[in-house]
$ cat query_35.cif   # mmCIF, C-alpha atoms
data_protein
loop_
_atom_site.group_PDB
_atom_site.id
_atom_site.type_symbol
_atom_site.label_atom_id
_atom_site.label_comp_id
_atom_site.auth_asym_id
_atom_site.auth_seq_id
_atom_site.Cartn_x
_atom_site.Cartn_y
_atom_site.Cartn_z
ATOM 1 C CA MET A 668 69.539 -24.894 -268.614
ATOM 2 C CA LYS A 669 68.410 -23.558 -265.261
ATOM 3 C CA ARG A 670 68.947 -24.837 -261.729
ATOM 4 C CA VAL A 671 66.395 -24.221 -259.013
ATOM 5 C CA GLY A 672 67.584 -23.612 -255.475
ATOM 6 C CA HIS A 673 66.504 -22.586 -251.996
ATOM 7 C CA ARG A 674 68.297 -19.603 -250.488
ATOM 8 C CA TYR A 675 68.754 -18.571 -246.885
ATOM 9 C CA SER A 676 69.637 -14.924 -246.292
ATOM 10 C CA ASP A 677 70.183 -12.864 -243.163
ATOM 11 C CA ALA A 678 66.897 -11.164 -242.307
ATOM 12 C CA LYS A 679 68.555 -7.958 -241.095
ATOM 13 C CA THR A 680 71.180 -7.329 -243.785
ATOM 14 C CA GLY A 681 69.888 -9.386 -246.705
ATOM 15 C CA VAL A 682 73.269 -11.125 -247.057
ATOM 16 C CA THR A 683 72.980 -14.476 -248.805
ATOM 17 C CA LEU A 684 74.137 -17.189 -246.428
ATOM 18 C CA ASP A 685 73.740 -20.317 -248.516
ATOM 19 C CA VAL A 686 71.847 -21.865 -251.427
ATOM 20 C CA TRP A 687 70.839 -25.497 -251.802
ATOM 21 C CA PHE A 688 70.389 -26.780 -255.352
ATOM 22 C CA PRO A 689 68.767 -30.252 -255.249
ATOM 23 C CA SER A 690 70.506 -32.437 -257.810
ATOM 24 C CA ASP A 691 67.232 -33.797 -259.219
ATOM 25 C CA GLY A 692 66.121 -30.309 -260.265
ATOM 26 C CA GLN A 693 63.170 -30.145 -257.887
ATOM 27 C CA TYR A 694 62.388 -27.141 -255.755
ATOM 28 C CA ILE A 695 62.436 -28.343 -252.157
ATOM 29 C CA PRO A 696 62.040 -25.614 -249.517
ATOM 30 C CA ARG A 697 63.867 -26.018 -246.231
ATOM 31 C CA SER A 698 62.947 -25.021 -242.706
ATOM 32 C CA CYS A 699 64.957 -24.478 -239.531
ATOM 33 C CA LEU A 700 64.641 -22.824 -236.133
ATOM 34 C CA ALA A 701 66.625 -19.753 -237.213
ATOM 35 C CA LEU A 702 64.000 -19.216 -239.924
ATOM 36 C CA LYS A 703 61.157 -19.842 -237.487
ATOM 37 C CA VAL A 704 62.350 -17.135 -235.058
ATOM 38 C CA GLY A 705 62.933 -14.583 -237.832
ATOM 39 C CA LEU A 706 66.728 -14.472 -238.144
ATOM 40 C CA LEU A 707 66.590 -15.781 -241.701
ATOM 41 C CA LYS A 708 64.622 -15.231 -244.854
ATOM 42 C CA ALA A 709 64.035 -18.080 -247.280
ATOM 43 C CA GLU A 710 63.175 -17.911 -250.961
ATOM 44 C CA LYS A 711 63.323 -19.737 -254.250
ATOM 45 C CA VAL A 712 66.097 -18.863 -256.713
ATOM 46 C CA GLU A 713 66.682 -19.845 -260.340
ATOM 47 C CA LEU A 714 70.086 -19.650 -261.975
ATOM 48 C CA ASP A 715 71.269 -20.347 -265.479
ATOM 49 C CA TYR A 716 74.030 -22.930 -265.800
ATOM 50 C CA PRO A 717 77.186 -20.862 -265.242
ATOM 51 C CA ASP A 718 79.725 -19.901 -267.880
ATOM 52 C CA ILE A 719 82.499 -21.893 -266.244
ATOM 53 C CA THR A 720 85.204 -19.982 -268.122
ATOM 54 C CA GLN A 721 84.231 -16.827 -266.223
ATOM 55 C CA ALA A 722 84.726 -16.167 -262.520
ATOM 56 C CA PRO A 723 81.661 -16.519 -260.261
ATOM 57 C CA HIS A 724 79.794 -13.238 -259.868
ATOM 58 C CA SER A 725 77.597 -13.862 -256.815
ATOM 59 C CA THR A 726 77.223 -16.037 -253.730
ATOM 60 C CA GLU A 727 74.447 -17.927 -255.525
ATOM 61 C CA ASP A 728 76.717 -18.574 -258.512
ATOM 62 C CA ALA A 729 79.502 -19.744 -256.199
ATOM 63 C CA TYR A 730 77.194 -22.221 -254.464
ATOM 64 C CA LEU A 731 75.991 -23.627 -257.784
ATOM 65 C CA ARG A 732 79.584 -24.266 -258.866
ATOM 66 C CA LEU A 733 80.343 -26.006 -255.572
ATOM 67 C CA HIS A 734 77.273 -28.200 -256.098
ATOM 68 C CA LEU A 735 78.400 -29.082 -259.631
ATOM 69 C CA LEU A 736 81.751 -30.246 -258.283
ATOM 70 C CA SER A 737 80.212 -32.384 -255.545
ATOM 71 C CA GLU A 738 77.655 -33.818 -257.976
ATOM 72 C CA CYS A 739 80.650 -34.842 -260.152
ATOM 73 C CA ALA A 740 79.123 -32.820 -262.989
ATOM 74 C CA GLN A 741 82.392 -30.873 -263.252
ATOM 75 C CA LEU A 742 85.939 -32.008 -262.561
ATOM 76 C CA PRO A 743 88.243 -30.132 -260.186
ATOM 77 C CA ASN A 744 90.149 -27.367 -262.002
ATOM 78 C CA SER A 745 87.580 -27.355 -264.824
ATOM 79 C CA MET A 746 85.857 -24.158 -263.673
ATOM 80 C CA ASN A 747 87.055 -20.633 -263.042
ATOM 81 C CA LEU A 748 86.709 -20.162 -259.266
ATOM 82 C CA GLU A 749 88.715 -16.963 -258.995
ATOM 83 C CA GLY A 750 87.416 -14.736 -256.221
ATOM 84 C CA ILE A 751 85.165 -17.372 -254.679
ATOM 85 C CA PHE A 752 86.362 -16.658 -251.131
ATOM 86 C CA ALA A 753 85.212 -13.050 -251.348
ATOM 87 C CA LEU A 754 81.731 -14.218 -252.387
ATOM 88 C CA LEU A 755 81.263 -16.632 -249.496
ATOM 89 C CA PRO A 756 80.526 -14.996 -246.132
ATOM 90 C CA ASN A 757 81.817 -16.517 -242.926
ATOM 91 C CA ILE A 758 78.942 -18.544 -241.489
ATOM 92 C CA ALA A 759 78.188 -20.177 -238.149
ATOM 93 C CA TRP A 760 76.862 -23.570 -239.244
ATOM 94 C CA THR A 761 74.483 -24.586 -236.482
ATOM 95 C CA SER A 762 71.912 -27.270 -235.723
ATOM 96 C CA ALA A 763 69.274 -24.521 -235.993
ATOM 97 C CA GLY A 764 70.406 -23.325 -239.426
ATOM 98 C CA PRO A 765 73.189 -21.145 -240.877
ATOM 99 C CA VAL A 766 73.560 -17.700 -239.321
ATOM 100 C CA LEU A 767 76.112 -14.930 -239.268
ATOM 101 C CA PRO A 768 78.530 -15.521 -236.361
ATOM 102 C CA GLU A 769 77.394 -12.327 -234.618
ATOM 103 C CA ARG A 770 73.838 -13.714 -234.472
ATOM 104 C CA ILE A 771 74.680 -16.762 -232.330
ATOM 105 C CA ASN A 772 73.770 -15.284 -228.935
ATOM 106 C CA THR A 773 70.575 -13.812 -230.377
ATOM 107 C CA LEU A 774 69.726 -17.223 -231.815
ATOM 108 C CA ARG A 775 70.285 -18.876 -228.428
ATOM 109 C CA GLN A 776 67.911 -16.422 -226.786
ATOM 110 C CA LEU A 777 65.214 -16.718 -229.435
ATOM 111 C CA ILE A 778 65.116 -20.522 -229.361
ATOM 112 C CA SER A 779 65.508 -20.901 -225.583
ATOM 113 C CA ALA A 780 61.908 -22.075 -225.279
ATOM 114 C CA GLU A 781 62.415 -24.781 -227.893
ATOM 115 C CA ASN A 782 63.355 -28.342 -226.994
ATOM 116 C CA HIS A 783 66.638 -27.962 -228.826
ATOM 117 C CA HIS A 784 70.269 -28.017 -227.723
ATOM 118 C CA LEU A 785 72.087 -25.659 -230.082
ATOM 119 C CA THR A 786 75.363 -26.940 -231.508
ATOM 120 C CA VAL A 787 77.761 -25.033 -233.750
ATOM 121 C CA THR A 788 79.586 -27.501 -235.981
ATOM 122 C CA SER A 789 81.906 -24.926 -237.536
ATOM 123 C CA ILE A 790 82.470 -21.275 -238.381
ATOM 124 C CA ASP A 791 83.630 -21.304 -241.966
ATOM 125 C CA LYS A 792 82.928 -20.139 -245.505
ATOM 126 C CA PHE A 793 82.231 -23.689 -246.701
ATOM 127 C CA PRO A 794 79.629 -26.071 -245.280
ATOM 128 C CA ARG A 795 79.785 -29.829 -245.075
ATOM 129 C CA MET A 796 79.229 -31.463 -248.435
ATOM 130 C CA THR A 797 76.812 -34.048 -247.037
ATOM 131 C CA ASP A 798 74.328 -31.365 -245.946
ATOM 132 C CA TYR A 799 73.878 -30.454 -249.634
ATOM 133 C CA VAL A 800 75.036 -33.311 -251.867
ATOM 134 C CA ILE A 801 75.183 -37.061 -251.278
ATOM 135 C CA PRO A 802 77.306 -38.527 -254.092
ATOM 136 C CA PRO A 803 76.518 -42.157 -254.954
ATOM 137 C CA GLY A 804 78.815 -45.030 -254.060
ATOM 138 C CA VAL A 805 80.970 -43.289 -251.450
ATOM 139 C CA ARG A 806 81.717 -43.780 -247.762
ATOM 140 C CA ILE A 807 82.679 -40.894 -245.488
ATOM 141 C CA GLY A 808 83.807 -41.588 -241.937
ATOM 142 C CA ASP A 809 83.525 -37.991 -240.680
ATOM 143 C CA ALA A 810 81.345 -35.673 -242.751
ATOM 144 C CA ASP A 811 82.841 -32.586 -241.089
ATOM 145 C CA ARG A 812 86.064 -33.300 -242.999
ATOM 146 C CA VAL A 813 84.598 -33.077 -246.508
ATOM 147 C CA ARG A 814 83.686 -29.594 -247.737
ATOM 148 C CA LEU A 815 80.999 -28.736 -250.261
ATOM 149 C CA GLY A 816 82.823 -28.587 -253.574
ATOM 150 C CA ALA A 817 84.693 -31.854 -253.003
ATOM 151 C CA HIS A 818 84.527 -34.208 -255.990
ATOM 152 C CA LEU A 819 84.152 -37.804 -254.777
ATOM 153 C CA ALA A 820 83.789 -40.384 -257.531
ATOM 154 C CA PRO A 821 81.909 -43.640 -256.863
ATOM 155 C CA GLY A 822 84.112 -46.120 -255.025
ATOM 156 C CA THR A 823 85.775 -43.473 -252.864
ATOM 157 C CA THR A 824 86.216 -44.094 -249.145
ATOM 158 C CA VAL A 825 87.175 -41.164 -246.924
ATOM 159 C CA MET A 826 88.224 -42.479 -243.530
ATOM 160 C CA HIS A 827 87.713 -40.541 -240.303
ATOM 161 C CA GLU A 828 91.063 -38.728 -240.500
ATOM 162 C CA GLY A 829 90.790 -38.077 -244.235
ATOM 163 C CA PHE A 830 90.046 -34.563 -245.477
ATOM 164 C CA VAL A 831 88.886 -33.415 -248.914
ATOM 165 C CA ASN A 832 88.680 -29.709 -249.688
ATOM 166 C CA PHE A 833 86.657 -27.930 -252.375
ATOM 167 C CA ASN A 834 87.815 -28.160 -256.015
ATOM 168 C CA ALA A 835 89.643 -31.380 -255.209
ATOM 169 C CA GLY A 836 88.868 -35.058 -255.104
ATOM 170 C CA THR A 837 88.964 -38.464 -256.719
ATOM 171 C CA LEU A 838 88.334 -40.039 -260.110
ATOM 172 C CA GLY A 839 87.403 -43.569 -259.043
ATOM 173 C CA ASP A 840 87.904 -46.198 -256.341
ATOM 174 C CA CYS A 841 90.229 -44.551 -253.816
ATOM 175 C CA MET A 842 91.176 -44.685 -250.162
ATOM 176 C CA VAL A 843 91.577 -41.251 -248.570
ATOM 177 C CA GLU A 844 93.091 -41.223 -245.085
ATOM 178 C CA GLY A 845 95.139 -38.047 -245.559
ATOM 179 C CA ARG A 846 94.575 -34.490 -246.782
ATOM 180 C CA VAL A 847 93.467 -33.758 -250.339
ATOM 181 C CA THR A 848 93.830 -29.988 -250.723
ATOM 182 C CA PRO A 849 92.350 -27.580 -253.320
ATOM 183 C CA GLY A 850 93.201 -28.338 -256.930
ATOM 184 C CA VAL A 851 94.410 -31.883 -256.221
ATOM 185 C CA ILE A 852 92.991 -34.861 -258.153
ATOM 186 C CA VAL A 853 93.593 -38.455 -257.086
ATOM 187 C CA GLY A 854 93.397 -41.113 -259.800
ATOM 188 C CA LYS A 855 91.529 -44.408 -259.701
ATOM 189 C CA ASN A 856 92.775 -47.189 -257.393
ATOM 190 C CA SER A 857 95.138 -44.923 -255.457
ATOM 191 C CA ASP A 858 95.617 -44.621 -251.702
ATOM 192 C CA VAL A 859 96.266 -41.380 -249.803
ATOM 193 C CA GLY A 860 97.740 -42.820 -246.609
ATOM 194 C CA ALA A 861 96.923 -41.901 -243.035
ATOM 195 C CA GLY A 862 98.295 -38.504 -242.023
ATOM 196 C CA SER A 863 99.647 -37.768 -245.493
ATOM 197 C CA SER A 864 99.358 -34.422 -247.249
ATOM 198 C CA ILE A 865 99.336 -33.091 -250.797
ATOM 199 C CA MET A 866 100.254 -29.469 -251.490
ATOM 200 C CA GLY A 867 97.338 -27.729 -253.194
ATOM 201 C CA THR A 868 96.930 -24.502 -255.104
ATOM 202 C CA LEU A 869 96.186 -22.567 -251.896
ATOM 203 C CA SER A 870 99.319 -23.738 -250.063
ATOM 204 C CA GLY A 871 101.225 -20.482 -249.737
ATOM 205 C CA GLY A 872 99.345 -19.080 -252.700
ATOM 206 C CA GLY A 873 100.995 -21.469 -255.153
ATOM 207 C CA LYS A 874 99.634 -22.019 -258.651
ATOM 208 C CA GLN A 875 101.194 -25.410 -259.369
ATOM 209 C CA VAL A 876 98.461 -28.054 -259.641
ATOM 210 C CA ASN A 877 99.539 -31.379 -258.158
ATOM 211 C CA SER A 878 97.848 -34.712 -258.698
ATOM 212 C CA ILE A 879 98.208 -38.442 -258.092
ATOM 213 C CA GLY A 880 97.803 -40.885 -260.949
ATOM 214 C CA GLU A 881 96.240 -44.344 -260.918
ATOM 215 C CA ARG A 882 97.327 -47.263 -258.694
ATOM 216 C CA SER A 883 99.655 -45.068 -256.641
ATOM 217 C CA LEU A 884 100.347 -44.959 -252.914
ATOM 218 C CA LEU A 885 101.193 -41.945 -250.772
ATOM 219 C CA GLY A 886 102.442 -43.595 -247.611
ATOM 220 C CA ALA A 887 101.320 -42.822 -244.075
ATOM 221 C CA ASN A 888 102.540 -39.418 -242.832
ATOM 222 C CA ALA A 889 104.173 -38.761 -246.213
ATOM 223 C CA GLY A 890 103.623 -35.741 -248.426
ATOM 224 C CA ILE A 891 104.178 -34.396 -251.908
ATOM 225 C CA GLY A 892 104.678 -31.000 -253.464
ATOM 226 C CA ILE A 893 104.914 -32.576 -256.922
ATOM 227 C CA SER A 894 102.592 -34.780 -258.950
ATOM 228 C CA LEU A 895 102.797 -38.561 -258.931
ATOM 229 C CA GLY A 896 102.132 -40.465 -262.129
ATOM 230 C CA ASP A 897 100.612 -43.931 -262.361
ATOM 231 C CA GLU A 898 101.953 -46.738 -260.168
ATOM 232 C CA CYS A 899 104.092 -44.550 -257.934
ATOM 233 C CA ILE A 900 104.916 -44.913 -254.256
ATOM 234 C CA VAL A 901 106.165 -42.436 -251.653
ATOM 235 C CA GLU A 902 107.362 -44.303 -248.590
ATOM 236 C CA ALA A 903 105.817 -43.615 -245.202
ATOM 237 C CA GLY A 904 107.057 -40.468 -243.481
ATOM 238 C CA LEU A 905 108.803 -38.999 -246.530
ATOM 239 C CA TYR A 906 107.831 -35.503 -247.693
ATOM 240 C CA VAL A 907 108.907 -34.802 -251.265
ATOM 241 C CA THR A 908 108.723 -31.116 -252.179
ATOM 242 C CA ALA A 909 109.494 -29.647 -255.581
ATOM 243 C CA GLY A 910 112.961 -28.671 -254.345
ATOM 244 C CA THR A 911 113.858 -31.958 -252.659
ATOM 245 C CA LYS A 912 117.171 -33.298 -254.004
ATOM 246 C CA VAL A 913 116.645 -36.846 -255.278
ATOM 247 C CA ARG A 914 119.326 -39.329 -256.309
ATOM 248 C CA LEU A 915 118.529 -41.292 -259.471
ATOM 249 C CA PRO A 916 119.614 -44.947 -260.004
ATOM 250 C CA ASP A 917 122.582 -43.769 -262.110
ATOM 251 C CA GLY A 918 123.800 -41.521 -259.299
ATOM 252 C CA GLU A 919 122.656 -38.199 -260.798
ATOM 253 C CA VAL A 920 120.980 -35.829 -258.323
ATOM 254 C CA VAL A 921 118.019 -33.753 -259.488
ATOM 255 C CA LYS A 922 115.274 -31.711 -257.925
ATOM 256 C CA ALA A 923 112.084 -33.715 -257.437
ATOM 257 C CA LEU A 924 110.236 -31.273 -259.694
ATOM 258 C CA ALA A 925 112.070 -32.833 -262.650
ATOM 259 C CA LEU A 926 110.305 -36.132 -261.849
ATOM 260 C CA SER A 927 106.834 -34.666 -261.370
ATOM 261 C CA GLY A 928 104.122 -36.707 -263.073
ATOM 262 C CA GLN A 929 106.387 -39.557 -264.181
ATOM 263 C CA ASN A 930 105.079 -43.124 -263.883
ATOM 264 C CA GLY A 931 106.441 -46.096 -261.972
ATOM 265 C CA LEU A 932 108.626 -44.359 -259.384
ATOM 266 C CA LEU A 933 109.318 -45.269 -255.767
ATOM 267 C CA PHE A 934 110.556 -42.402 -253.598
ATOM 268 C CA ARG A 935 112.354 -43.487 -250.440
ATOM 269 C CA ARG A 936 114.916 -42.257 -247.938
ATOM 270 C CA ASN A 937 118.167 -44.210 -247.798
ATOM 271 C CA SER A 938 118.373 -45.594 -244.260
ATOM 272 C CA LEU A 939 122.173 -45.273 -244.188
ATOM 273 C CA SER A 940 122.889 -41.958 -245.898
ATOM 274 C CA GLY A 941 119.589 -40.218 -245.137
ATOM 275 C CA GLY A 942 119.370 -38.999 -248.729
ATOM 276 C CA VAL A 943 116.213 -39.246 -250.831
ATOM 277 C CA GLU A 944 116.426 -41.622 -253.774
ATOM 278 C CA VAL A 945 114.116 -42.913 -256.466
ATOM 279 C CA ILE A 946 113.933 -46.289 -258.177
ATOM 280 C CA SER A 947 111.594 -47.871 -260.700
ATOM 281 C CA THR A 948 108.617 -49.759 -259.307
ATOM 282 C CA ASN A 949 105.025 -50.751 -260.016
ATOM 283 C CA ALA A 950 101.731 -50.974 -258.136
ATOM 284 C CA LYS A 951 102.243 -54.693 -257.349
ATOM 285 C CA VAL A 952 104.826 -53.707 -254.723
ATOM 286 C CA TRP A 953 102.122 -52.421 -252.368
ATOM 287 C CA GLY A 954 99.266 -54.610 -253.558
ATOM 288 C CA GLY A 955 96.726 -51.933 -254.462
ATOM 289 C CA ILE A 956 93.490 -51.042 -252.713
ATOM 290 C CA ASN A 957 90.946 -53.625 -251.582
ATOM 291 C CA GLN A 958 88.316 -53.772 -254.325
ATOM 292 C CA HIS A 959 85.707 -55.311 -252.024
ATOM 293 C CA LEU A 960 86.174 -52.435 -249.597
ATOM 294 C CA HIS A 961 85.472 -49.854 -252.287
ATOM 295 C CA SER A 962 82.411 -51.406 -253.887
ATOM 296 C CA ASN A 963 80.431 -49.226 -251.411
ATOM 297 C CA ASN A 964 77.161 -50.924 -252.313
#

$ encode --input "query_35.cif" --output "structure tokens"
Amino acid sequence: MKRVGHRYSDAKTGVTLDVWFPSDGQYIPRSCLALKVGLLKAEKVELDYPDITQAPHSTEDAYLRLHLLSECAQLPNSMNLEGIFALLPNIAWTSAGPVLPERINTLRQLISAENHHLTVTSIDKFPRMTDYVIPPGVRIGDADRVRLGAHLAPGTTVMHEGFVNFNAGTLGDCMVEGRVTPGVIVGKNSDVGAGSSIMGTLSGGGKQVNSIGERSLLGANAGIGISLGDECIVEAGLYVTAGTKVRLPDGEVVKALALSGQNGLLFRRNSLSGGVEVISTNAKVWGGINQHLHSNN
């Protein structure tokens, strides 16, 4: 199986800047002012479906894998992405097309006669997902906060302060108002509260893959460095790392890592002692997400 894409490369160095692989398999050429004034070259590319057990071997291969994630054709953590950062050059993503950062002033000069106000949305290795893939049945409040390579299942809502990185995402109806970092998967009917954070595989170079199960709530301004199972709650403002000491209902104190992935737990801070404790709970305590809100029709 082959995928057909459209590649932009730097006209001077030949460095591949990006590749767009339309999800319907068509070849659709693009055009932009940077191409018009000669800073870019554009051409058709064809790639075989990658061997996902092997690391990506080129910028083109890396872009195809990011597309597969955002098309929900592959789940986060299902592909070998080792070395992907080295394959993706730092790009100035502009309203006139992607260019190397050192080409910005040249681009401004070359398009000065055009009726165009140049804006630079970011300087980064990853572009916005919505410039390449529009997944069905999702809402995104601020497209700048969702990178290509994010996996957003139908029914997902990413609010304006939500952020979803590459090789991370959701498996069904979800509310994302916090940060979903690389490697993290959020299960169906779960809520990542405003200002919350989930430690991903790139946090300090860690390899532990954290996730949130179904019907779980990560409260506002809370955070986890462990996985949550189904029907779990972390109260607002509480950050539970793998080393956090947690008191169990029987009085035993364990590290939170020992509870990683278990179902039906409520993590909270005792308002008198200040210690972190856990009790049994279920999703009915917080009511779950609004199904009408996530129909996204």

$ resolve_selection --input "query_35.cif" --expression "the PyMOL selection byres ((chain A and resi 675) around 10)" --output "PyMOL selection string"
chain A and resi 673-674+676-678+681-687+697-698+701-702+706-711+764-766

$ residues_around --input "query_35.cif" --residues "Ser927 (chain A)" --least-positions-apart "6" --cutoff "8 Å" --atoms "all atoms listed in the file" --output "list of chain:residue names"
A:Ile893, A:Ser894, A:Leu895, A:Gly896

$ resolve_selection --input "query_35.cif" --expression "the PyMOL selection byres ((chain A and resi 921) around 12)" --output "number ranges by chain"
A: 909-920, 922-927, 943-945

$ closest_residue --input "query_35.cif" --among "A:Gly836, A:Gly954, A:Gly860, A:Gly808" --to "Thr824 (chain A)" --atoms "only C-alpha atoms"
A:Gly808

$ residues_around --input "query_35.cif" --residues "region 772-784 of chain A" --least-positions-apart "3" --cutoff "9 Å" --atoms "all atoms listed in the file" --output "PyMOL selection string"
chain A and resi 700-701+704-706+762-763+766+768-769

$ resolve_selection --input "query_35.cif" --expression "the PyMOL selection byres ((chain A and resi 848) around 6)" --output "list of chain:residue names"
A:Asn832, A:Val847, A:Pro849, A:Val851, A:Gly867

$ write_last_selection --input "query_35.cif" --atoms "C-alpha atoms" --output "tab-separated table (two decimals), in the coordinates of the input"
chain	number	residue	atom	x	y	z
A	832	ASN	CA	88.68	-29.71	-249.69
A	847	VAL	CA	93.47	-33.76	-250.34
A	849	PRO	CA	92.35	-27.58	-253.32
A	851	VAL	CA	94.41	-31.88	-256.22
A	867	GLY	CA	97.34	-27.73	-253.19

$ closest_residue --input "query_35.cif" --among "A:Lys792, A:Gln721, A:His734, A:Ile852" --to "Leu754 (chain A)" --atoms "all atoms listed in the file"
A:Lys792

$ residues_around --input "query_35.cif" --residues "Gly845 (chain A)" --least-positions-apart "6" --cutoff "7 Å" --atoms "all atoms listed in the file" --output "PyMOL selection string"
chain A and resi 828-830+859-864

$ closest_residue --input "query_35.cif" --among "A:Leu736, A:Val671, A:Ile900, A:Val907" --to "Lys951 (chain A)" --atoms "all atoms listed in the file"
A:Ile900

$ closest_residue --input "query_35.cif" --among "A:Asn888, A:Ser725, A:Ser883, A:Asn949" --to "Ser857 (chain A)" --atoms "only C-alpha atoms"
A:Ser883

$ residues_around --input "query_35.cif" --residues "Ile956 (chain A)" --least-positions-apart "5" --cutoff "12 Å" --atoms "all atoms listed in the file" --output "list in words"
Gly822, Thr823, Thr824, Gly839, Asp840, Cys841, Met842, Val843, Lys855, Asn856, Ser857, Asp858, Val859, Gly860, Glu881, Arg882, Ser883, Leu884, Ala950, Lys951, His961 and Ser962 of chain A

$ write_last_selection --input "query_35.cif" --atoms "C-alpha atoms" --output "compact mmCIF listing (two decimals), in the coordinates of the input"
# COMPACT_ATOMS: atom_id res chain seq x y z
CA GLY A 822 84.11 -46.12 -255.02
CA THR A 823 85.78 -43.47 -252.86
CA THR A 824 86.22 -44.09 -249.14
CA GLY A 839 87.40 -43.57 -259.04
CA ASP A 840 87.90 -46.20 -256.34
CA CYS A 841 90.23 -44.55 -253.82
CA MET A 842 91.18 -44.68 -250.16
CA VAL A 843 91.58 -41.25 -248.57
CA LYS A 855 91.53 -44.41 -259.70
CA ASN A 856 92.78 -47.19 -257.39
CA SER A 857 95.14 -44.92 -255.46
CA ASP A 858 95.62 -44.62 -251.70
CA VAL A 859 96.27 -41.38 -249.80
CA GLY A 860 97.74 -42.82 -246.61
CA GLU A 881 96.24 -44.34 -260.92
CA ARG A 882 97.33 -47.26 -258.69
CA SER A 883 99.66 -45.07 -256.64
CA LEU A 884 100.35 -44.96 -252.91
CA ALA A 950 101.73 -50.97 -258.14
CA LYS A 951 102.24 -54.69 -257.35
CA HIS A 961 85.47 -49.85 -252.29
CA SER A 962 82.41 -51.41 -253.89

$ atom_distance --input "query_35.cif" --atom1 "CA of Leu932 (chain A)" --atom2 "CA of Ile946 (chain A)"
5.8 Å

$ closest_residue --input "query_35.cif" --among "A:Thr761, A:Val952, A:Asp798, A:Ala817" --to "Cys699 (chain A)" --atoms "all atoms listed in the file"
A:Thr761

$ residues_near_point --input "query_35.cif" --point "(74.3, -20.1, -256.9)" --cutoff "9 Å" --atoms "only C-alpha atoms" --output "list of chain:residue names"
A:Arg670, A:Gly672, A:Arg674, A:Asp685, A:Val686, A:Trp687, A:Phe688, A:Val712, A:Glu713, A:Leu714, A:Pro717, A:Pro723, A:Ser725, A:Thr726, A:Glu727, A:Asp728, A:Ala729, A:Tyr730, A:Leu731, A:Arg732, A:Leu733, A:His734

$ atom_distance --input "query_35.cif" --atom1 "CA of Ala820 (chain A)" --atom2 "CA of Val805 (chain A)"
7.3 Å
